[in-house]
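Please read the structure below before turning to the comments.
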Amino acid sequence: MITEETILGQSGLSQVSPAIREMIDAGVFYGRKQTKTNPRMKPFIITNRGGVEIIDLAKTEDGLGSALAFLKEKVRMGGLILFVATQPAAEGIQKLASEFSFPVVGRRWIGGTLTNFKTISKRVEYLKKLRADLAAGALQKYTKKERLNFEREVKRLELLIGGLENMISPPEVIVVIDPHLHETAMREARRLGIPVIAFANTDADPDLVDHLVVGNNAARKSIEWFFEKIAEAIREGKKEMLANPPKEEKKEDKGTHEGQAAL
């Protein structure tokens with residue numbers, strides 16, 4: 001069993017701060033098994049217990065502070081944030097994205113979501129139109145079988161790209177839960193120069209993440225802790241934006257690159 005004394009003794013901390021105690025309570029310190037750990041993550045590990053890596057929460061706290069400051073500033077400037085988390089334990093990502101009307105990939109990453117942004121946008125617009133036509137009865141001229149096919153298509157597209165309806169432009173930041181799991185999303189973001197904030201476990205490659213927060217991204221409680229911190233930063237950023245609106249700037253279209261949209 002991991003105790004505060006264990007974490008204090010291994011990390012060299014003289015006392016546990018309220019933030020670190022909160023992380024301990026949420027189980028953030030649990031890493032992956034030693035056999036799955038990326039060698040580059042060793043600086044973020046303080047010890048091993050029963051084959052499981054124990055994460056240095058002092059470094060997690062530092063990484064979190066830096067990531068939240070960056071996120072808050074982007075939100076203050078009106079930046080669009082894309083959330084990516086497809087694992088069942090991270091289903092709270094839908095609620096987080098909905099609160100701020102930000103786009104989200106919560107089921108499966110579609111190849112070309114970023115690198116073929118224009119094609120994805122067209123499919124999103126098609127989904128909106130098809131859904132609106134069904135609701136308005138504009139498809140009554142078709143046979144019953146054809147209307148049923150349209151309804152099935154709406155459901156299929158909602159599962160694939162429904163969370164992207166608010167992605168009116170390429171995002172300025174991507175928040176990812178488990179970059180190791182979402183390698184395709186990471187590659188697309190890096191190709192377009194989009195900064196990534198990632199809640200990563202010890203199996204990830206830290207060199208591929210712009211703003212790294214190391215922690216247990218397999219447990220619901222730990223992920224919810226991270227979501228709460230992200231939400232607080234966004235609220236603060238939006239509050240500051242309302243108090244002092246940013247000046248409009250012409251944004252470069254990052255969606256003109258080639259890519260594949262597997263719809």
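Identifiers in this document derive from the order of the structure tokens: chains are assigned A, B, ..., residues are numbered from 1 separately in each chain, and ligands are numbered from 1 in order of occurrence.
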
What's the 8 Å shell around Ala219 (chain A), counting only C-alpha atoms, without same-chain residues fewer than 4 positions away, as a ChimeraX atom specification? /A:27,89,223

Deliver the residues from the most recent selection as a file, using N, CA and C atoms, as a PDB file, in the first residue's frame.
ATOM      1  N   GLY A  27      -5.548   9.107  -6.462  1.00  0.00           N
ATOM      2  CA  GLY A  27      -4.773   8.000  -7.026  1.00  0.00           C
ATOM      3  C   GLY A  27      -3.972   8.388  -8.252  1.00  0.00           C
ATOM      4  N   ALA A  89     -13.157   5.201 -19.161  1.00  0.00           N
ATOM      5  CA  ALA A  89     -12.929   5.881 -17.886  1.00  0.00           C
ATOM      6  C   ALA A  89     -12.925   7.399 -18.030  1.00  0.00           C
ATOM      7  N   ILE A 223      -8.743  10.742 -13.562  1.00  0.00           N
ATOM      8  CA  ILE A 223      -9.076  11.515 -14.756  1.00  0.00           C
ATOM      9  C   ILE A 223     -10.023  12.651 -14.407  1.00  0.00           C
TER      10      ILE A 223
END

If you count only C-alpha atoms, the residue of A:Pro179, A:Gly237, A:Pro206, A:Gly106 closest to Glu91 (chain A) turns out to be A:Gly106

query: Which residues, written as an NGL selection string, have at least one atom at most 9 Å from Phe29 (chain A), with only C-alpha atoms counted and residues fewer than 3 positions away on the same chain left out?
result: :A and (7 or 23-24 or 26 or 53-57 or 60 or 214-216 or 222)

Could you turn the residues from that selection into a file that holds N, CA and C atoms, as a PDB file, in the first residue's frame?
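result.pdb was written with the following content:
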ATOM      1  N   ILE A   7       5.539   8.403  -0.366  1.00  0.00           N
ATOM      2  CA  ILE A   7       5.739   9.432  -1.383  1.00  0.00           C
ATOM      3  C   ILE A   7       6.679  10.519  -0.888  1.00  0.00           C
ATOM      4  N   MET A  23      -3.998  14.932  -5.019  1.00  0.00           N
ATOM      5  CA  MET A  23      -3.589  13.962  -6.025  1.00  0.00           C
ATOM      6  C   MET A  23      -3.479  12.558  -5.438  1.00  0.00           C
ATOM      7  N   ILE A  24      -2.986  12.484  -4.221  1.00  0.00           N
ATOM      8  CA  ILE A  24      -2.883  11.188  -3.554  1.00  0.00           C
ATOM      9  C   ILE A  24      -4.268  10.585  -3.367  1.00  0.00           C
ATOM     10  N   ALA A  26      -6.834  11.067  -5.120  1.00  0.00           N
ATOM     11  CA  ALA A  26      -7.404  10.701  -6.415  1.00  0.00           C
ATOM     12  C   ALA A  26      -6.652   9.546  -7.072  1.00  0.00           C
ATOM     13  N   GLU A  53       4.952   1.402 -11.357  1.00  0.00           N
ATOM     14  CA  GLU A  53       5.710   2.632 -11.153  1.00  0.00           C
ATOM     15  C   GLU A  53       4.914   3.622 -10.291  1.00  0.00           C
ATOM     16  N   ILE A  54       5.621   4.347  -9.428  1.00  0.00           N
ATOM     17  CA  ILE A  54       4.996   5.373  -8.608  1.00  0.00           C
ATOM     18  C   ILE A  54       5.494   6.729  -9.101  1.00  0.00           C
ATOM     19  N   ILE A  55       4.554   7.567  -9.486  1.00  0.00           N
ATOM     20  CA  ILE A  55       4.855   8.844 -10.133  1.00  0.00           C
ATOM     21  C   ILE A  55       5.254   9.904  -9.113  1.00  0.00           C
ATOM     22  N   ASP A  56       6.215  10.726  -9.489  1.00  0.00           N
ATOM     23  CA  ASP A  56       6.668  11.845  -8.663  1.00  0.00           C
ATOM     24  C   ASP A  56       5.634  12.963  -8.757  1.00  0.00           C
ATOM     25  N   LEU A  57       4.801  13.105  -7.738  1.00  0.00           N
ATOM     26  CA  LEU A  57       3.710  14.069  -7.781  1.00  0.00           C
ATOM     27  C   LEU A  57       4.184  15.517  -7.731  1.00  0.00           C
ATOM     28  N   THR A  60       4.442  16.277 -11.214  1.00  0.00           N
ATOM     29  CA  THR A  60       3.090  16.378 -11.768  1.00  0.00           C
ATOM     30  C   THR A  60       2.496  17.739 -11.451  1.00  0.00           C
ATOM     31  N   VAL A 214       1.965  14.312 -15.884  1.00  0.00           N
ATOM     32  CA  VAL A 214       2.111  12.864 -15.702  1.00  0.00           C
ATOM     33  C   VAL A 214       1.223  12.384 -14.564  1.00  0.00           C
ATOM     34  N   GLY A 215       0.419  11.379 -14.853  1.00  0.00           N
ATOM     35  CA  GLY A 215      -0.469  10.856 -13.820  1.00  0.00           C
ATOM     36  C   GLY A 215      -1.212   9.620 -14.295  1.00  0.00           C
ATOM     37  N   ASN A 216      -1.994   9.070 -13.419  1.00  0.00           N
ATOM     38  CA  ASN A 216      -2.756   7.862 -13.666  1.00  0.00           C
ATOM     39  C   ASN A 216      -3.947   8.169 -14.577  1.00  0.00           C
ATOM     40  N   SER A 222      -8.975   9.616 -11.012  1.00  0.00           N
ATOM     41  CA  SER A 222      -7.798  10.403 -11.354  1.00  0.00           C
ATOM     42  C   SER A 222      -8.065  11.288 -12.574  1.00  0.00           C
TER      43      SER A 222
END

Between region 143-226 of chain A and region 128-136 of chain A, at 9 Å or less, what are the per-residue closest atom pairs and their distances in Å? Count only C-alpha atoms, order by chain and rising residue number, and return it as JSON lines.
{"residue": "A:Arg147", "atom": "CA", "partner": "A:Leu134", "partner_atom": "CA", "distance": 8.2}
{"residue": "A:Phe150", "atom": "CA", "partner": "A:Leu130", "partner_atom": "CA", "distance": 7.5}
{"residue": "A:Glu151", "atom": "CA", "partner": "A:Leu134", "partner_atom": "CA", "distance": 7.7}
{"residue": "A:Glu153", "atom": "CA", "partner": "A:Leu130", "partner_atom": "CA", "distance": 8.7}
{"residue": "A:Val154", "atom": "CA", "partner": "A:Arg131", "partner_atom": "CA", "distance": 6.5}
{"residue": "A:Glu165", "atom": "CA", "partner": "A:Lys128", "partner_atom": "CA", "distance": 8.3}

Correct to one decimal, the distance CA of Ala189 (chain A)-CA of Val28 (chain A) is 25.9 Å
